[in-house]
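Input: a single structure, listed below in structure tokens.
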Amino acid sequence: MIGGKPSAIAAGVCGALFIGYCIYFDRKRRSDPNFKTKLRERRKKQRTAQDKSGLAQLPDLKDAAAVQKFFLDEIQLGEELLAQGDYEKGVDHLTNAIAVCGQPQQLLQVLQQTLPQPVFQMLLTKLPSISQRIVSSQSLEEDDVE
């Protein structure tokens, strides 16, 4: 193989330069005195944008009573909306309920038996986004504590 070793060295050097570039700008960004305030403002804007988009505000996951109330409300809203034919919003509420459910696999099995197949598929496609939202909301709460 002609030129294999020089190209491997060139790729290694480019990789090292890229990593150095990333480290330099990350340190520069973090050393900015306004970094934390800008980060908090950006997260607050994201949170208000989520609230305005119609997504339900997740309860404090440490408060069992609030989680149970949220779960029951979301299931009820989801069922009502599905009965009215508004599948998109109904599925959104059901995914919120699944996200805070203690045993989501059992709930998914029940929903698979009761929901029409296209609606259940829509539900399955939305689950990753709601789980990501829960993880981000937990990280926001942890950052607010600091």
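All residue names refer to the structure tokens as shown: chains lettered A, B, ... in order, residues numbered from 1 in each chain, ligands numbered from 1 in order.
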Shell of 12 Å around stretch 107-119 of chain A, only C-alpha atoms, local chain residues under 2 positions omitted, as a PDB file with all heavy atoms, in the first residue's frame:
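The resulting file, result33.pdb, is reproduced below:
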ATOM      1  N   PHE A  71     -49.809  11.526  36.257  1.00  0.00           N
ATOM      2  CA  PHE A  71     -50.013  10.313  35.463  1.00  0.00           C
ATOM      3  C   PHE A  71     -51.491  10.116  35.134  1.00  0.00           C
ATOM      4  O   PHE A  71     -51.870   9.905  33.985  1.00  0.00           O
ATOM      5  CB  PHE A  71     -49.457   9.103  36.221  1.00  0.00           C
ATOM      6  CG  PHE A  71     -49.754   7.791  35.574  1.00  0.00           C
ATOM      7  CD1 PHE A  71     -49.032   7.364  34.478  1.00  0.00           C
ATOM      8  CD2 PHE A  71     -50.763   6.969  36.053  1.00  0.00           C
ATOM      9  CE1 PHE A  71     -49.306   6.157  33.861  1.00  0.00           C
ATOM     10  CE2 PHE A  71     -51.045   5.759  35.450  1.00  0.00           C
ATOM     11  CZ  PHE A  71     -50.315   5.355  34.354  1.00  0.00           C
ATOM     12  N   ILE A  75     -53.259  10.390  31.403  1.00  0.00           N
ATOM     13  CA  ILE A  75     -53.973   9.252  30.824  1.00  0.00           C
ATOM     14  C   ILE A  75     -55.392   9.669  30.444  1.00  0.00           C
ATOM     15  O   ILE A  75     -55.878   9.383  29.339  1.00  0.00           O
ATOM     16  CB  ILE A  75     -54.006   8.060  31.809  1.00  0.00           C
ATOM     17  CG1 ILE A  75     -52.627   7.436  31.952  1.00  0.00           C
ATOM     18  CG2 ILE A  75     -55.028   7.010  31.387  1.00  0.00           C
ATOM     19  CD1 ILE A  75     -52.163   6.626  30.766  1.00  0.00           C
ATOM     20  N   GLY A  78     -55.332  12.051  27.465  1.00  0.00           N
ATOM     21  CA  GLY A  78     -54.982  11.303  26.262  1.00  0.00           C
ATOM     22  C   GLY A  78     -56.149  10.496  25.740  1.00  0.00           C
ATOM     23  O   GLY A  78     -56.425  10.494  24.537  1.00  0.00           O
ATOM     24  N   GLU A  79     -56.859   9.828  26.656  1.00  0.00           N
ATOM     25  CA  GLU A  79     -58.016   9.040  26.235  1.00  0.00           C
ATOM     26  C   GLU A  79     -59.119   9.920  25.664  1.00  0.00           C
ATOM     27  O   GLU A  79     -59.748   9.579  24.658  1.00  0.00           O
ATOM     28  CB  GLU A  79     -58.551   8.226  27.413  1.00  0.00           C
ATOM     29  CG  GLU A  79     -57.644   7.082  27.808  1.00  0.00           C
ATOM     30  CD  GLU A  79     -58.134   6.346  29.047  1.00  0.00           C
ATOM     31  OE1 GLU A  79     -59.045   6.857  29.736  1.00  0.00           O
ATOM     32  OE2 GLU A  79     -57.598   5.271  29.310  1.00  0.00           O
ATOM     33  N   LEU A  82     -58.066  11.123  22.184  1.00  0.00           N
ATOM     34  CA  LEU A  82     -58.145  10.035  21.203  1.00  0.00           C
ATOM     35  C   LEU A  82     -59.592   9.748  20.842  1.00  0.00           C
ATOM     36  O   LEU A  82     -59.904   9.463  19.679  1.00  0.00           O
ATOM     37  CB  LEU A  82     -57.467   8.781  21.751  1.00  0.00           C
ATOM     38  CG  LEU A  82     -55.943   8.821  21.835  1.00  0.00           C
ATOM     39  CD1 LEU A  82     -55.417   7.566  22.516  1.00  0.00           C
ATOM     40  CD2 LEU A  82     -55.312   8.995  20.481  1.00  0.00           C
ATOM     41  N   ALA A  83     -60.486   9.820  21.828  1.00  0.00           N
ATOM     42  CA  ALA A  83     -61.904   9.586  21.558  1.00  0.00           C
ATOM     43  C   ALA A  83     -62.479  10.670  20.651  1.00  0.00           C
ATOM     44  O   ALA A  83     -63.378  10.405  19.847  1.00  0.00           O
ATOM     45  CB  ALA A  83     -62.688   9.529  22.866  1.00  0.00           C
ATOM     46  N   GLY A  85     -60.792  12.086  18.343  1.00  0.00           N
ATOM     47  CA  GLY A  85     -60.143  11.972  17.043  1.00  0.00           C
ATOM     48  C   GLY A  85     -58.877  12.795  16.903  1.00  0.00           C
ATOM     49  O   GLY A  85     -58.269  12.814  15.837  1.00  0.00           O
ATOM     50  N   ASP A  86     -58.465  13.481  17.962  1.00  0.00           N
ATOM     51  CA  ASP A  86     -57.232  14.264  17.924  1.00  0.00           C
ATOM     52  C   ASP A  86     -56.081  13.366  18.367  1.00  0.00           C
ATOM     53  O   ASP A  86     -55.647  13.372  19.512  1.00  0.00           O
ATOM     54  CB  ASP A  86     -57.355  15.483  18.847  1.00  0.00           C
ATOM     55  CG  ASP A  86     -56.217  16.461  18.666  1.00  0.00           C
ATOM     56  OD1 ASP A  86     -55.287  16.172  17.876  1.00  0.00           O
ATOM     57  OD2 ASP A  86     -56.241  17.526  19.319  1.00  0.00           O
ATOM     58  N   TYR A  87     -55.598  12.552  17.420  1.00  0.00           N
ATOM     59  CA  TYR A  87     -54.607  11.539  17.744  1.00  0.00           C
ATOM     60  C   TYR A  87     -53.262  12.123  18.149  1.00  0.00           C
ATOM     61  O   TYR A  87     -52.598  11.612  19.048  1.00  0.00           O
ATOM     62  CB  TYR A  87     -54.430  10.581  16.560  1.00  0.00           C
ATOM     63  CG  TYR A  87     -55.679   9.809  16.234  1.00  0.00           C
ATOM     64  CD1 TYR A  87     -56.295   9.938  14.999  1.00  0.00           C
ATOM     65  CD2 TYR A  87     -56.251   8.967  17.166  1.00  0.00           C
ATOM     66  CE1 TYR A  87     -57.451   9.233  14.701  1.00  0.00           C
ATOM     67  CE2 TYR A  87     -57.412   8.265  16.889  1.00  0.00           C
ATOM     68  CZ  TYR A  87     -58.004   8.396  15.653  1.00  0.00           C
ATOM     69  OH  TYR A  87     -59.139   7.711  15.378  1.00  0.00           O
ATOM     70  N   GLU A  88     -52.850  13.195  17.509  1.00  0.00           N
ATOM     71  CA  GLU A  88     -51.534  13.791  17.775  1.00  0.00           C
ATOM     72  C   GLU A  88     -51.427  14.248  19.231  1.00  0.00           C
ATOM     73  O   GLU A  88     -50.487  13.889  19.942  1.00  0.00           O
ATOM     74  CB  GLU A  88     -51.304  14.963  16.819  1.00  0.00           C
ATOM     75  CG  GLU A  88     -49.880  15.486  16.802  1.00  0.00           C
ATOM     76  CD  GLU A  88     -48.935  14.553  16.084  1.00  0.00           C
ATOM     77  OE1 GLU A  88     -49.356  13.819  15.190  1.00  0.00           O
ATOM     78  OE2 GLU A  88     -47.744  14.561  16.445  1.00  0.00           O
ATOM     79  N   LYS A  89     -52.382  15.041  19.688  1.00  0.00           N
ATOM     80  CA  LYS A  89     -52.343  15.538  21.069  1.00  0.00           C
ATOM     81  C   LYS A  89     -52.609  14.419  22.062  1.00  0.00           C
ATOM     82  O   LYS A  89     -52.033  14.398  23.151  1.00  0.00           O
ATOM     83  CB  LYS A  89     -53.355  16.674  21.254  1.00  0.00           C
ATOM     84  CG  LYS A  89     -52.951  17.949  20.561  1.00  0.00           C
ATOM     85  CD  LYS A  89     -53.940  19.058  20.830  1.00  0.00           C
ATOM     86  CE  LYS A  89     -53.542  20.328  20.088  1.00  0.00           C
ATOM     87  NZ  LYS A  89     -54.541  21.384  20.290  1.00  0.00           N
ATOM     88  N   GLY A  90     -53.476  13.492  21.706  1.00  0.00           N
ATOM     89  CA  GLY A  90     -53.751  12.366  22.592  1.00  0.00           C
ATOM     90  C   GLY A  90     -52.505  11.531  22.831  1.00  0.00           C
ATOM     91  O   GLY A  90     -52.212  11.125  23.962  1.00  0.00           O
ATOM     92  N   VAL A  91     -51.757  11.283  21.768  1.00  0.00           N
ATOM     93  CA  VAL A  91     -50.519  10.512  21.887  1.00  0.00           C
ATOM     94  C   VAL A  91     -49.494  11.290  22.713  1.00  0.00           C
ATOM     95  O   VAL A  91     -48.747  10.702  23.505  1.00  0.00           O
ATOM     96  CB  VAL A  91     -49.976  10.147  20.489  1.00  0.00           C
ATOM     97  CG1 VAL A  91     -48.553   9.646  20.554  1.00  0.00           C
ATOM     98  CG2 VAL A  91     -50.880   9.104  19.851  1.00  0.00           C
ATOM     99  N   ASP A  92     -49.449  12.616  22.561  1.00  0.00           N
ATOM    100  CA  ASP A  92     -48.533  13.424  23.373  1.00  0.00           C
ATOM    101  C   ASP A  92     -48.808  13.228  24.862  1.00  0.00           C
ATOM    102  O   ASP A  92     -47.885  13.050  25.659  1.00  0.00           O
ATOM    103  CB  ASP A  92     -48.664  14.908  23.020  1.00  0.00           C
ATOM    104  CG  ASP A  92     -48.037  15.260  21.689  1.00  0.00           C
ATOM    105  OD1 ASP A  92     -47.204  14.458  21.197  1.00  0.00           O
ATOM    106  OD2 ASP A  92     -48.375  16.319  21.139  1.00  0.00           O
ATOM    107  N   LEU A  94     -50.358  10.683  26.292  1.00  0.00           N
ATOM    108  CA  LEU A  94     -50.048   9.307  26.687  1.00  0.00           C
ATOM    109  C   LEU A  94     -48.545   9.096  26.850  1.00  0.00           C
ATOM    110  O   LEU A  94     -48.109   8.385  27.752  1.00  0.00           O
ATOM    111  CB  LEU A  94     -50.628   8.316  25.678  1.00  0.00           C
ATOM    112  CG  LEU A  94     -52.149   8.186  25.674  1.00  0.00           C
ATOM    113  CD1 LEU A  94     -52.594   7.244  24.567  1.00  0.00           C
ATOM    114  CD2 LEU A  94     -52.668   7.727  27.016  1.00  0.00           C
ATOM    115  N   THR A  95     -47.741   9.728  26.001  1.00  0.00           N
ATOM    116  CA  THR A  95     -46.288   9.592  26.157  1.00  0.00           C
ATOM    117  C   THR A  95     -45.817  10.267  27.437  1.00  0.00           C
ATOM    118  O   THR A  95     -44.897   9.777  28.081  1.00  0.00           O
ATOM    119  CB  THR A  95     -45.523  10.176  24.948  1.00  0.00           C
ATOM    120  OG1 THR A  95     -45.935  11.513  24.734  1.00  0.00           O
ATOM    121  CG2 THR A  95     -45.722   9.352  23.709  1.00  0.00           C
ATOM    122  N   ALA A  97     -47.539  10.362  30.169  1.00  0.00           N
ATOM    123  CA  ALA A  97     -47.903   9.417  31.221  1.00  0.00           C
ATOM    124  C   ALA A  97     -46.924   8.252  31.269  1.00  0.00           C
ATOM    125  O   ALA A  97     -46.516   7.815  32.356  1.00  0.00           O
ATOM    126  CB  ALA A  97     -49.324   8.908  30.992  1.00  0.00           C
ATOM    127  N   ILE A  98     -46.532   7.758  30.114  1.00  0.00           N
ATOM    128  CA  ILE A  98     -45.581   6.647  30.071  1.00  0.00           C
ATOM    129  C   ILE A  98     -44.241   7.075  30.650  1.00  0.00           C
ATOM    130  O   ILE A  98     -43.571   6.302  31.334  1.00  0.00           O
ATOM    131  CB  ILE A  98     -45.415   6.133  28.624  1.00  0.00           C
ATOM    132  CG1 ILE A  98     -46.700   5.460  28.163  1.00  0.00           C
ATOM    133  CG2 ILE A  98     -44.244   5.172  28.508  1.00  0.00           C
ATOM    134  CD1 ILE A  98     -46.740   5.159  26.687  1.00  0.00           C
ATOM    135  N   ALA A  99     -43.869   8.317  30.408  1.00  0.00           N
ATOM    136  CA  ALA A  99     -42.569   8.805  30.863  1.00  0.00           C
ATOM    137  C   ALA A  99     -42.454   8.808  32.377  1.00  0.00           C
ATOM    138  O   ALA A  99     -41.372   8.566  32.919  1.00  0.00           O
ATOM    139  CB  ALA A  99     -42.319  10.200  30.310  1.00  0.00           C
ATOM    140  N   VAL A 100     -43.536   9.081  33.080  1.00  0.00           N
ATOM    141  CA  VAL A 100     -43.463   9.131  34.549  1.00  0.00           C
ATOM    142  C   VAL A 100     -43.962   7.844  35.189  1.00  0.00           C
ATOM    143  O   VAL A 100     -43.945   7.712  36.410  1.00  0.00           O
ATOM    144  CB  VAL A 100     -44.265  10.332  35.114  1.00  0.00           C
ATOM    145  CG1 VAL A 100     -43.672  11.631  34.633  1.00  0.00           C
ATOM    146  CG2 VAL A 100     -45.729  10.228  34.791  1.00  0.00           C
ATOM    147  N   CYS A 101     -44.387   6.891  34.384  1.00  0.00           N
ATOM    148  CA  CYS A 101     -44.933   5.633  34.891  1.00  0.00           C
ATOM    149  C   CYS A 101     -43.832   4.793  35.529  1.00  0.00           C
ATOM    150  O   CYS A 101     -42.710   4.719  35.027  1.00  0.00           O
ATOM    151  CB  CYS A 101     -45.581   4.860  33.741  1.00  0.00           C
ATOM    152  SG  CYS A 101     -46.315   3.311  34.242  1.00  0.00           S
ATOM    153  N   GLY A 102     -44.180   4.150  36.633  1.00  0.00           N
ATOM    154  CA  GLY A 102     -43.209   3.296  37.329  1.00  0.00           C
ATOM    155  C   GLY A 102     -42.924   2.012  36.571  1.00  0.00           C
ATOM    156  O   GLY A 102     -41.835   1.463  36.663  1.00  0.00           O
ATOM    157  N   GLN A 103     -43.907   1.504  35.828  1.00  0.00           N
ATOM    158  CA  GLN A 103     -43.748   0.271  35.065  1.00  0.00           C
ATOM    159  C   GLN A 103     -44.207   0.503  33.623  1.00  0.00           C
ATOM    160  O   GLN A 103     -45.299   0.104  33.225  1.00  0.00           O
ATOM    161  CB  GLN A 103     -44.558  -0.846  35.708  1.00  0.00           C
ATOM    162  CG  GLN A 103     -44.105  -1.152  37.115  1.00  0.00           C
ATOM    163  CD  GLN A 103     -45.026  -2.126  37.822  1.00  0.00           C
ATOM    164  OE1 GLN A 103     -46.177  -2.289  37.454  1.00  0.00           O
ATOM    165  NE2 GLN A 103     -44.504  -2.769  38.840  1.00  0.00           N
ATOM    166  N   PRO A 104     -43.382   1.176  32.835  1.00  0.00           N
ATOM    167  CA  PRO A 104     -43.810   1.550  31.482  1.00  0.00           C
ATOM    168  C   PRO A 104     -44.048   0.353  30.558  1.00  0.00           C
ATOM    169  O   PRO A 104     -44.893   0.432  29.666  1.00  0.00           O
ATOM    170  CB  PRO A 104     -42.676   2.438  30.975  1.00  0.00           C
ATOM    171  CG  PRO A 104     -41.505   2.104  31.818  1.00  0.00           C
ATOM    172  CD  PRO A 104     -42.041   1.653  33.139  1.00  0.00           C
ATOM    173  N   GLN A 105     -43.335  -0.752  30.768  1.00  0.00           N
ATOM    174  CA  GLN A 105     -43.522  -1.904  29.881  1.00  0.00           C
ATOM    175  C   GLN A 105     -44.931  -2.470  29.993  1.00  0.00           C
ATOM    176  O   GLN A 105     -45.554  -2.810  28.992  1.00  0.00           O
ATOM    177  CB  GLN A 105     -42.474  -2.996  30.185  1.00  0.00           C
ATOM    178  CG  GLN A 105     -41.067  -2.603  29.816  1.00  0.00           C
ATOM    179  CD  GLN A 105     -40.911  -2.307  28.342  1.00  0.00           C
ATOM    180  OE1 GLN A 105     -41.554  -2.920  27.496  1.00  0.00           O
ATOM    181  NE2 GLN A 105     -40.064  -1.348  28.009  1.00  0.00           N
ATOM    182  N   GLN A 121     -48.161   2.927  16.951  1.00  0.00           N
ATOM    183  CA  GLN A 121     -46.882   3.193  16.293  1.00  0.00           C
ATOM    184  C   GLN A 121     -46.476   4.656  16.471  1.00  0.00           C
ATOM    185  O   GLN A 121     -45.301   4.965  16.681  1.00  0.00           O
ATOM    186  CB  GLN A 121     -46.955   2.833  14.802  1.00  0.00           C
ATOM    187  CG  GLN A 121     -47.005   1.351  14.544  1.00  0.00           C
ATOM    188  CD  GLN A 121     -45.776   0.636  15.072  1.00  0.00           C
ATOM    189  OE1 GLN A 121     -44.664   1.136  15.020  1.00  0.00           O
ATOM    190  NE2 GLN A 121     -45.994  -0.558  15.616  1.00  0.00           N
ATOM    191  N   MET A 122     -47.450   5.556  16.387  1.00  0.00           N
ATOM    192  CA  MET A 122     -47.170   6.970  16.610  1.00  0.00           C
ATOM    193  C   MET A 122     -46.657   7.181  18.039  1.00  0.00           C
ATOM    194  O   MET A 122     -45.733   7.955  18.276  1.00  0.00           O
ATOM    195  CB  MET A 122     -48.450   7.791  16.376  1.00  0.00           C
ATOM    196  CG  MET A 122     -48.242   9.276  16.326  1.00  0.00           C
ATOM    197  SD  MET A 122     -49.760  10.262  16.180  1.00  0.00           S
ATOM    198  CE  MET A 122     -50.823   9.326  15.140  1.00  0.00           C
ATOM    199  N   LEU A 123     -47.249   6.470  18.968  1.00  0.00           N
ATOM    200  CA  LEU A 123     -46.844   6.544  20.365  1.00  0.00           C
ATOM    201  C   LEU A 123     -45.404   6.080  20.532  1.00  0.00           C
ATOM    202  O   LEU A 123     -44.609   6.722  21.212  1.00  0.00           O
ATOM    203  CB  LEU A 123     -47.790   5.690  21.211  1.00  0.00           C
ATOM    204  CG  LEU A 123     -47.518   5.604  22.693  1.00  0.00           C
ATOM    205  CD1 LEU A 123     -48.026   6.860  23.375  1.00  0.00           C
ATOM    206  CD2 LEU A 123     -48.192   4.391  23.272  1.00  0.00           C
ATOM    207  N   LEU A 124     -45.060   4.979  19.884  1.00  0.00           N
ATOM    208  CA  LEU A 124     -43.707   4.447  19.996  1.00  0.00           C
ATOM    209  C   LEU A 124     -42.670   5.393  19.397  1.00  0.00           C
ATOM    210  O   LEU A 124     -41.546   5.481  19.895  1.00  0.00           O
ATOM    211  CB  LEU A 124     -43.614   3.076  19.324  1.00  0.00           C
ATOM    212  CG  LEU A 124     -44.344   1.933  20.025  1.00  0.00           C
ATOM    213  CD1 LEU A 124     -44.198   0.649  19.214  1.00  0.00           C
ATOM    214  CD2 LEU A 124     -43.835   1.737  21.431  1.00  0.00           C
ATOM    215  N   THR A 125     -43.032   6.098  18.333  1.00  0.00           N
ATOM    216  CA  THR A 125     -42.068   7.011  17.720  1.00  0.00           C
ATOM    217  C   THR A 125     -41.833   8.249  18.582  1.00  0.00           C
ATOM    218  O   THR A 125     -40.778   8.857  18.504  1.00  0.00           O
ATOM    219  CB  THR A 125     -42.525   7.446  16.320  1.00  0.00           C
ATOM    220  OG1 THR A 125     -43.800   8.065  16.416  1.00  0.00           O
ATOM    221  CG2 THR A 125     -42.571   6.272  15.376  1.00  0.00           C
ATOM    222  N   LYS A 126     -42.807   8.606  19.424  1.00  0.00           N
ATOM    223  CA  LYS A 126     -42.655   9.796  20.262  1.00  0.00           C
ATOM    224  C   LYS A 126     -41.969   9.508  21.589  1.00  0.00           C
ATOM    225  O   LYS A 126     -41.545  10.434  22.273  1.00  0.00           O
ATOM    226  CB  LYS A 126     -44.011  10.436  20.519  1.00  0.00           C
ATOM    227  CG  LYS A 126     -44.571  11.080  19.291  1.00  0.00           C
ATOM    228  CD  LYS A 126     -45.732  11.948  19.632  1.00  0.00           C
ATOM    229  CE  LYS A 126     -46.231  12.582  18.347  1.00  0.00           C
ATOM    230  NZ  LYS A 126     -46.575  13.944  18.517  1.00  0.00           N
ATOM    231  N   LEU A 127     -41.863   8.259  21.979  1.00  0.00           N
ATOM    232  CA  LEU A 127     -41.278   7.930  23.283  1.00  0.00           C
ATOM    233  C   LEU A 127     -39.841   8.410  23.467  1.00  0.00           C
ATOM    234  O   LEU A 127     -39.513   8.939  24.528  1.00  0.00           O
ATOM    235  CB  LEU A 127     -41.363   6.430  23.537  1.00  0.00           C
ATOM    236  CG  LEU A 127     -42.714   5.946  24.048  1.00  0.00           C
ATOM    237  CD1 LEU A 127     -42.695   4.445  24.211  1.00  0.00           C
ATOM    238  CD2 LEU A 127     -43.093   6.617  25.336  1.00  0.00           C
TER     239      LEU A 127
END
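Considering the residues A:Ser129, A:Phe120, A:Thr37, A:Gln84 and counting only C-alpha atoms, A:Asn96 has its shortest atom-to-atom contact with A:Ser129.
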*May I ask for the distance between atom CA of A:Ile23 and atom CA of A:Ala10, given in Å to one decimal place?*
19.9 Å
*asked:* as a PyMOL selection string, please: every residue in stretch 9-146 of chain A that DSSP puts in helix (DSSP H, G or I).
replied: chain A and resi 9-30+35-52+64-84+87-100+104-114+117-145
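Interatomic distance, atom CA of A:Glu41 to atom CA of A:Asp26: 19.0 Å.
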